[in-house]
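> Next comes the structure file entry26.tsv, holding TSV, C-alpha atoms.
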chain	number	residue	atom	x	y	z
G	1	MET	CA	106.52	38.83	7.19
G	2	GLN	CA	106.42	37.17	3.82
G	3	LYS	CA	107.34	33.50	3.67
G	4	LYS	CA	110.50	32.50	1.87
G	5	ASP	CA	109.95	30.94	-1.48
G	6	SER	CA	110.98	27.27	-1.55
G	7	VAL	CA	113.36	28.00	-4.46
G	8	GLU	CA	115.38	30.45	-2.32
G	9	LEU	CA	116.00	27.97	0.49
G	10	SER	CA	119.53	26.67	0.85
G	11	VAL	CA	120.19	22.96	1.28
G	12	GLU	CA	120.74	23.56	4.99
G	13	GLU	CA	117.40	25.35	5.32
G	14	LYS	CA	115.66	22.64	3.29
G	15	LEU	CA	117.01	19.96	5.61
G	16	LYS	CA	115.99	21.94	8.69
G	17	THR	CA	112.48	22.46	7.31
G	18	LEU	CA	112.18	18.80	6.35
G	19	TYR	CA	113.23	17.71	9.83
G	20	GLN	CA	110.72	20.11	11.42
G	21	LEU	CA	108.04	18.66	9.15
G	22	GLN	CA	109.08	15.13	10.15
G	23	THR	CA	108.82	15.92	13.88
G	24	THR	CA	105.41	17.54	13.33
G	25	LEU	CA	104.10	14.57	11.36
G	26	SER	CA	105.51	12.16	13.95
G	27	ALA	CA	103.61	14.09	16.64
G	28	ILE	CA	100.42	13.69	14.59
G	29	ASP	CA	101.15	9.96	14.28
G	30	GLU	CA	101.49	9.75	18.06
G	31	LYS	CA	98.09	11.40	18.53
G	32	ARG	CA	96.56	8.92	16.11
G	33	ALA	CA	98.35	6.06	17.83
G	34	LEU	CA	96.47	6.95	21.03
G	35	ARG	CA	93.32	5.79	19.27
G	36	GLY	CA	95.00	2.45	18.68
G	37	GLU	CA	92.80	-0.03	16.86
G	38	LEU	CA	89.59	1.72	17.94
G	39	PRO	CA	88.69	3.17	14.51
G	40	LEU	CA	89.17	-0.24	12.89
G	41	GLU	CA	87.24	-1.95	15.68
G	42	VAL	CA	84.37	0.52	15.27
G	43	GLN	CA	84.32	-0.09	11.51
G	44	ASP	CA	84.48	-3.88	11.95
G	45	LEU	CA	81.60	-3.82	14.44
G	46	SER	CA	79.52	-1.64	12.11
G	47	ASP	CA	80.15	-4.04	9.23
G	48	GLU	CA	79.35	-7.06	11.43
G	49	ILE	CA	76.07	-5.51	12.61
G	50	GLU	CA	75.10	-4.73	9.02
G	51	GLY	CA	75.82	-8.34	8.02
G	52	LEU	CA	73.85	-9.70	10.99
G	53	GLU	CA	70.87	-7.48	10.17
G	54	THR	CA	70.93	-8.74	6.56
G	55	ARG	CA	71.02	-12.27	7.89
G	56	LEU	CA	68.13	-11.51	10.24
G	57	ASP	CA	66.02	-10.22	7.35
G	58	LYS	CA	66.75	-13.39	5.40
G	59	ILE	CA	65.73	-15.61	8.33
G	60	GLY	CA	62.54	-13.56	8.79
G	61	LYS	CA	61.63	-14.06	5.13
G	62	GLU	CA	62.25	-17.81	5.45
G	63	ILE	CA	59.91	-17.97	8.45
G	64	ASP	CA	57.24	-16.07	6.50
G	65	ASP	CA	57.63	-18.46	3.55
G	66	PHE	CA	57.23	-21.50	5.82
G	67	LYS	CA	54.14	-19.97	7.44
G	68	PHE	CA	52.68	-19.25	4.01
G	69	ALA	CA	53.34	-22.86	2.98
G	70	ILE	CA	51.60	-24.12	6.14
G	71	ASN	CA	48.56	-21.97	5.37
G	72	GLN	CA	48.47	-23.42	1.86
G	73	LYS	CA	48.68	-26.98	3.16
G	74	ASN	CA	45.93	-26.29	5.69
G	75	GLY	CA	43.80	-25.06	2.77
G	76	ASP	CA	44.63	-28.25	0.84
G	77	ILE	CA	43.60	-30.35	3.86
G	78	LYS	CA	40.25	-28.54	4.06
G	79	ASN	CA	39.62	-29.16	0.36
G	80	ALA	CA	40.64	-32.80	0.67
G	81	GLN	CA	38.43	-33.23	3.74
G	82	ALA	CA	35.48	-31.70	1.88
G	83	SER	CA	36.09	-34.11	-1.00
G	84	LEU	CA	36.29	-37.01	1.45
G	85	ASP	CA	32.93	-36.11	2.98
G	86	LYS	CA	31.36	-35.81	-0.47
G	87	TYR	CA	32.77	-39.15	-1.72
G	88	LYS	CA	31.76	-40.95	1.46
G	89	ALA	CA	28.22	-39.64	1.07
G	90	GLN	CA	28.15	-40.84	-2.54
G	91	LEU	CA	29.50	-44.22	-1.45
G	92	ASP	CA	26.18	-45.03	0.23
G	93	ASN	CA	24.29	-44.51	-3.02
G	94	VAL	CA	26.42	-46.39	-5.55
G	95	ALA	CA	24.60	-48.35	-8.25
G	96	ASN	CA	27.31	-50.86	-9.15
G	97	ASN	CA	30.75	-52.16	-8.20
G	98	ARG	CA	32.51	-49.97	-10.76
G	99	GLU	CA	31.24	-46.76	-9.12
G	100	TYR	CA	32.15	-48.19	-5.71
G	101	ASP	CA	35.74	-48.92	-6.78
G	102	THR	CA	36.10	-45.45	-8.32
G	103	LEU	CA	34.80	-43.71	-5.19
G	104	SER	CA	36.97	-45.91	-2.98
G	105	LYS	CA	40.08	-44.91	-4.94
G	106	GLU	CA	39.15	-41.19	-4.67
G	107	ILE	CA	38.59	-41.56	-0.94
G	108	GLU	CA	41.96	-43.30	-0.57
G	109	TYR	CA	43.68	-40.58	-2.64
G	110	GLN	CA	42.14	-37.77	-0.55
G	111	GLN	CA	43.17	-39.51	2.67
G	112	LEU	CA	46.74	-39.81	1.39
G	113	GLU	CA	46.59	-36.12	0.43
G	114	VAL	CA	45.53	-35.20	3.98
G	115	GLU	CA	48.37	-37.30	5.45
G	116	LEU	CA	50.94	-35.82	3.05
G	117	CYS	CA	49.82	-32.27	3.80
G	118	GLY	CA	49.97	-33.03	7.52
G	119	LYS	CA	53.53	-34.32	7.10
G	120	LYS	CA	54.53	-31.21	5.12
G	121	ILE	CA	52.98	-28.99	7.80
G	122	LYS	CA	54.94	-30.80	10.51
G	123	GLU	CA	58.22	-30.43	8.60
G	124	ALA	CA	57.52	-26.76	7.92
G	125	GLN	CA	56.73	-26.15	11.58
G	126	GLN	CA	60.01	-27.79	12.56
G	127	LYS	CA	61.83	-25.50	10.11
G	128	ILE	CA	60.02	-22.50	11.61
G	129	ASP	CA	61.10	-23.51	15.13
G	130	GLU	CA	64.73	-23.88	14.02
G	131	ALA	CA	64.64	-20.59	12.11
G	132	GLN	CA	62.97	-18.83	15.04
G	133	ALA	CA	65.72	-20.05	17.38
G	134	GLU	CA	68.33	-18.75	14.93
G	135	TYR	CA	66.38	-15.49	14.62
G	136	ASP	CA	66.34	-15.00	18.41
G	137	LYS	CA	70.05	-15.87	18.67
G	138	THR	CA	70.94	-13.41	15.91
G	139	THR	CA	68.77	-10.70	17.49
G	140	LYS	CA	70.58	-11.14	20.81
G	141	LEU	CA	73.95	-11.06	19.02
G	142	ILE	CA	73.01	-7.83	17.24
G	143	GLU	CA	72.00	-6.28	20.55
G	144	ASP	CA	75.34	-7.26	22.12
G	145	ARG	CA	77.30	-5.94	19.14
G	146	LYS	CA	75.39	-2.66	19.22
G	147	ASN	CA	76.27	-2.25	22.90
G	148	ASP	CA	79.93	-2.96	22.10
G	149	LEU	CA	79.79	-0.47	19.23
G	150	ALA	CA	78.29	2.22	21.46
G	151	ASN	CA	81.04	1.70	24.06
G	152	LYS	CA	83.79	1.76	21.43
G	153	ARG	CA	82.38	4.92	19.84
G	154	ASN	CA	82.18	6.64	23.22
G	155	GLU	CA	85.77	5.68	23.95
G	156	LEU	CA	86.89	6.89	20.53
G	157	ASP	CA	84.96	10.16	20.90
G	158	GLU	CA	86.63	10.81	24.25
G	159	ILE	CA	90.11	10.32	22.76
G	160	MET	CA	89.20	12.40	19.71
G	161	SER	CA	87.92	15.27	21.87
G	162	GLU	CA	91.15	15.23	23.90
G	163	THR	CA	93.49	15.30	20.91
G	164	LYS	CA	91.36	17.04	18.27
G	165	GLU	CA	92.51	20.63	18.98
G	166	GLU	CA	96.18	19.73	19.32
G	167	GLU	CA	96.08	17.57	16.20
G	168	HIS	CA	94.42	20.40	14.30
G	169	GLN	CA	97.23	22.77	15.30
G	170	LEU	CA	99.86	20.24	14.27
G	171	LYS	CA	98.18	19.77	10.88
G	172	GLU	CA	98.20	23.54	10.32
G	173	LYS	CA	101.90	23.69	11.22
G	174	ALA	CA	102.64	20.78	8.86
G	175	ALA	CA	100.76	22.55	6.04
G	176	GLU	CA	102.82	25.72	6.60
G	177	LEU	CA	106.08	23.77	6.51
G	178	GLU	CA	105.04	21.92	3.35
G	179	GLU	CA	104.53	25.27	1.58
G	180	LYS	CA	108.21	26.09	2.17
G	181	ILE	CA	109.45	22.88	0.56
G	182	GLU	CA	109.74	22.50	-3.18
G	183	PRO	CA	107.13	20.06	-4.56
G	184	ARG	CA	109.63	17.55	-5.94
G	185	LEU	CA	111.53	17.24	-2.66
G	186	LEU	CA	108.29	17.11	-0.69
G	187	ALA	CA	106.93	14.33	-2.91
G	188	SER	CA	110.15	12.33	-2.44
G	189	PHE	CA	110.02	12.82	1.32
G	190	LYS	CA	106.38	11.66	1.48
G	191	ARG	CA	107.18	8.63	-0.66
G	192	ILE	CA	110.09	7.67	1.62
G	193	ARG	CA	107.99	8.25	4.72
G	194	LYS	CA	105.14	6.14	3.36
G	195	GLY	CA	107.48	3.23	2.68
G	196	ALA	CA	109.19	3.46	6.08
G	197	ARG	CA	107.82	1.19	8.79
G	198	ASN	CA	108.18	3.82	11.52
G	199	GLY	CA	107.05	6.72	9.32
G	200	LEU	CA	110.47	8.42	9.37
G	201	GLY	CA	111.48	10.00	6.05
G	202	ILE	CA	114.45	11.95	7.41
G	203	VAL	CA	116.74	10.85	10.24
G	204	TYR	CA	119.92	12.14	11.86
G	205	VAL	CA	123.18	10.25	12.11
G	206	GLN	CA	123.54	8.31	15.35
G	207	ARG	CA	126.87	6.80	16.38
G	208	ASP	CA	128.19	6.87	12.82
G	209	ALA	CA	125.09	5.03	11.59
G	210	CYS	CA	121.75	5.80	9.92
G	211	GLY	CA	119.11	6.68	12.51
G	212	GLY	CA	116.51	4.71	10.57
G	213	CYS	CA	118.09	1.37	9.66
G	214	PHE	CA	121.23	1.66	11.87
G	215	ASN	CA	123.61	0.64	9.11
G	216	LYS	CA	127.09	2.16	9.32
G	217	ILE	CA	127.80	5.27	7.24
G	218	PRO	CA	131.29	5.67	5.68
G	219	PRO	CA	133.40	8.54	7.13
G	220	GLN	CA	133.50	10.43	3.82
G	221	ARG	CA	129.72	10.28	3.53
G	222	GLN	CA	129.39	11.53	7.11
G	223	LEU	CA	131.62	14.46	6.20
G	224	ASP	CA	129.39	15.26	3.21
G	225	ILE	CA	126.35	15.20	5.53
G	226	LYS	CA	128.04	17.66	7.90
G	227	MET	CA	128.87	20.00	5.00
G	228	HIS	CA	125.15	20.54	4.18
G	229	LYS	CA	125.99	21.05	0.51
G	230	LYS	CA	123.61	18.48	-0.92
G	231	ILE	CA	120.77	16.20	0.17
G	232	ILE	CA	122.12	12.75	0.94
G	233	VAL	CA	120.09	9.57	1.43
G	234	CYS	CA	120.99	6.33	3.15
G	235	GLU	CA	122.20	3.80	0.62
G	236	TYR	CA	120.49	1.01	2.57
G	237	CYS	CA	117.00	2.30	3.50
G	238	GLY	CA	116.69	5.41	1.27
G	239	ARG	CA	115.93	7.82	4.14
G	240	ILE	CA	117.21	11.38	3.95
G	241	LEU	CA	120.17	11.90	6.31
G	242	ILE	CA	120.79	15.01	8.40
G	243	ASP	CA	123.56	16.08	10.75
G	244	PRO	CA	122.51	15.80	14.45
G	245	GLU	CA	123.67	19.35	15.12
G	246	LEU	CA	121.53	20.68	12.28
G	247	ALA	CA	118.58	18.67	13.62
G	248	GLY	CA	119.06	20.33	17.00
G	249	VAL	CA	119.97	17.05	18.69
G	250	LYS	CA	122.78	16.98	21.21
G	251	GLU	CA	124.55	13.66	21.18
G	252	ALA	CA	125.94	12.36	24.43
G	253	ALA	CA	129.72	12.60	24.56
G	254	PRO	CA	131.38	9.20	24.38
G	255	LYS	CA	132.54	7.94	27.75
G	256	GLU	CA	136.31	7.97	28.25
G	257	GLU	CA	137.62	4.52	28.80
G	258	LYS	CA	139.77	4.30	31.91
G	259	PRO	CA	143.06	2.51	31.37
G	260	ALA	CA	143.04	-0.96	32.82
G	261	LYS	CA	144.99	-1.35	36.03
G	262	ARG	CA	148.22	-3.28	35.63
G	263	LYS	CA	148.39	-6.37	37.74
G	264	ARG	CA	151.55	-6.99	39.71
G	265	THR	CA	153.32	-10.11	38.59
G	266	VAL	CA	154.55	-12.23	41.43
G	267	HIS	CA	157.60	-14.25	40.46
G	268	ARG	CA	157.82	-17.49	42.32
G	269	ALA	CA	161.20	-19.10	42.79
G	270	LYS	CA	161.52	-22.32	40.96
G	271	LYS	CA	162.05	-25.26	43.19
G	272	VAL	CA	165.18	-27.16	42.34
G	273	GLU	CA	164.80	-30.84	42.58
G	274	GLU	CA	167.37	-32.57	44.73
G	275	ASP	CA	169.43	-34.38	42.19
G	276	PRO	CA	173.06	-35.34	43.04
G	277	GLU	CA	174.17	-34.29	39.57
G	278	ASN	CA	172.58	-30.84	39.80
G	279	VAL	CA	173.76	-29.95	43.30
G	280	ILE	CA	176.41	-27.18	43.28
G	281	PRO	CA	179.32	-28.21	45.44
G	282	GLU	CA	179.98	-26.04	48.48
G	283	MET	CA	183.07	-23.94	48.45
G	284	GLN	CA	185.79	-25.29	50.72
The structure in this file should be written as structure tokens.


Amino acid sequence: MQKKDSVELSVEEKLKTLYQLQTTLSAIDEKRALRGELPLEVQDLSDEIEGLETRLDKIGKEIDDFKFAINQKNGDIKNAQASLDKYKAQLDNVANNREYDTLSKEIEYQQLEVELCGKKIKEAQQKIDEAQAEYDKTTKLIEDRKNDLANKRNELDEIMSETKEEEHQLKEKAAELEEKIEPRLLASFKRIRKGARNGLGIVYVQRDACGGCFNKIPPQRQLDIKMHKKIIVCEYCGRILIDPELAGVKEAAPKEEKPAKRKRTVHRAKKVEEDPENVIPEMQ
């Protein structure tokens, strides 16, 4: 059977189709709600792990730089020590005081160089120890986050496998319904639905009020909604309004209020005060 063209649909049929689309999309939203915050949590954990791994690489490079600096300083100490040995050997064969003073200054300079290099090596080693502690801490944190990520992904995969087939069917149904609706009306409906907090773009009238924002609808406007002659939107929230009967919703009949029971009034005789002037004389 060939599908009706969206142009041929009456206003009543358009409203019915829109409401069917709304219920289908709401069902899809419910399936996605089952996942809760899991997709976001999985993404956040992935991003955090990536950031931690970048940080780990940076710490590793810092440790390598410190080790390289230590190797350089050890090389400088060896050179300075070799110079010290050479100058000390020359010190025994000096010819005059001038040569002695020069050699003494060189020996002093090389000794200071050895001490300075030793100090730099000690500082660098301290930096390596601190960086290594941070490296180990970050490694442990990455391991914990990866375990959390694996658990979250397993949980998400389980939910996805349970709802995947049903969600796929709902999406196919929604696509079929969208084909029946004219593009302009469909675009308006999607815009309204996107702006609505609860994702409802079309709602039925409930107790003389909009089913979306619950603001009262004037009687004449309610009559227009029941007539199904044109598409009417709520003047407060902008949602499309539909008659409950057309939406296939049976509203509960209002409860009849029982008349209040009348209470019997008990008239109490007024007590006459004994006053000589108010006493009625007895008949003789």

> Could you pull the residues within 10 Å of region 218-222 of chain G, counting all atoms listed in the file, minus those fewer than 5 positions along the same chain, as a list in words?

Val205, Asp208, Ala209, Cys210, Met227, Ile232, Val233, Cys234, Leu241, Ile242 and Asp243 of chain G

> Using only C-alpha atoms, pick whichever of G:Leu56, G:Ala69, G:Val11, G:Leu84 has the shortest atom-to-atom distance to Val114 (chain G).

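Looking at the shortest contact to Val114 (chain G), the residue is G:Leu84.
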
> Which one of G:Gly248, G:Asn97, G:Lys180, G:Gly238 sits closest to Ser10 (chain G) if you count all atoms listed in the file?

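Comparing G:Gly248, G:Asn97, G:Lys180, G:Gly238 against Ser10 (chain G), the winner is G:Lys180.
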
> How many Å lie between CA of Tyr135 (chain G) and CA of Gly60 (chain G), rounded to one decimal?

7.2 Å

> Taking (113.5, 9.4, 5.8) in the file's own coordinates, collect the residues within 12 Å, counting all atoms listed in the file, and hand them back as number ranges by chain.

G: 15, 18-19, 21-23, 26, 185-205, 210-213, 231-242

> Counting all atoms listed in the file, which residue out of G:Ala174, G:Leu103, G:Ala95, G:Leu156 sits closest to Glu37 (chain G)?

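Of G:Ala174, G:Leu103, G:Ala95, G:Leu156, the one nearest Glu37 (chain G) is G:Leu156, counting all atoms listed in the file.
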
> I need the residue nearest Leu116 (chain G) from this list: G:Asp76, G:Glu8, G:Asp29, G:Glu41. Use all atoms listed in the file for the distance.

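Checking each of G:Asp76, G:Glu8, G:Asp29, G:Glu41 against Leu116 (chain G), counting all atoms listed in the file, the winner is G:Asp76.
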
> Set up a box along x, y and z of the file covering all listed atoms of region 54-65 of chain G, add 6 Å on every one of the six sides, and write the centre and edge lengths in Å to one decimal, as lines of an AutoDock Vina configuration file.


center_x = 64.1
center_y = -13.6
center_z = 6.9
size_x = 25.8
size_y = 21.7
size_z = 18.7

> Would you work out the distance separating CA of Glu115 (chain G) from CA of Glu130 (chain G), expressed in Å to one decimal?

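Computing the Euclidean distance for CA of Glu115 (chain G) and CA of Glu130 (chain G) yields 22.8 Å.
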
> Restrict the calculation to all atoms listed in the file, then for each residue of region 62-100 of chain G with any atom at most 12 Å from an atom of region 122-129 of chain G give the closest atom pair and their distance in Å to one decimal, rows by chain and rising residue number, as a Markdown table.


| residue | atom | partner | partner_atom | distance |
| --- | --- | --- | --- | --- |
| G:Glu62 | CA | G:Ile128 | CA | 8.1 |
| G:Ile63 | CA | G:Ile128 | CA | 5.5 |
| G:Asp64 | CA | G:Ile128 | CA | 8.7 |
| G:Asp65 | CA | G:Ile128 | CA | 9.3 |
| G:Phe66 | CA | G:Ala124 | CA | 5.7 |
| G:Lys67 | CA | G:Ala124 | CA | 7.6 |
| G:Phe68 | CA | G:Ala124 | CA | 9.8 |
| G:Ala69 | CA | G:Ala124 | CA | 7.6 |
| G:Ile70 | CA | G:Ala124 | CA | 6.7 |
| G:Asn71 | CA | G:Ala124 | CA | 10.5 |
| G:Gln72 | CA | G:Ala124 | CA | 11.4 |
| G:Lys73 | CA | G:Ala124 | CA | 10.0 |
| G:Asn74 | CA | G:Lys122 | CA | 11.2 |

> One decimal, Å: what's the distance from CA of Thr163 (chain G) over to CA of Ile28 (chain G), could you say?

9.5 Å

> Pick the closest to Gln81 (chain G) from G:Gln206, G:Gln43, G:Gly36, G:Cys117: which is it, counting all atoms listed in the file?

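Of the candidates, the smallest distance to Gln81 (chain G) is held by G:Cys117.
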
> Given only C-alpha atoms as the basis, pick out the residue of G:Arg55, G:Lys16, G:Leu177, G:Asn215 nearest to Val249 (chain G).

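Distance minimum relative to Val249 (chain G) lands on G:Lys16.
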
> Within 12 Å of region 142-147 of chain G, counting only C-alpha atoms, which residues qualify if same-chain residues fewer than 3 places away don't, as a list in words?

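Non-adjacent residues within range: Glu41, Val42, Gln43, Asp44, Leu45, Ser46, Asp47, Glu48, Ile49, Glu50, Gly51, Leu52, Glu53, Thr54, Arg55, Leu56, Tyr135, Asp136, Lys137, Thr138, Thr139, Ala150, Asn151, Lys152, Arg153 and Asn154 of chain G.
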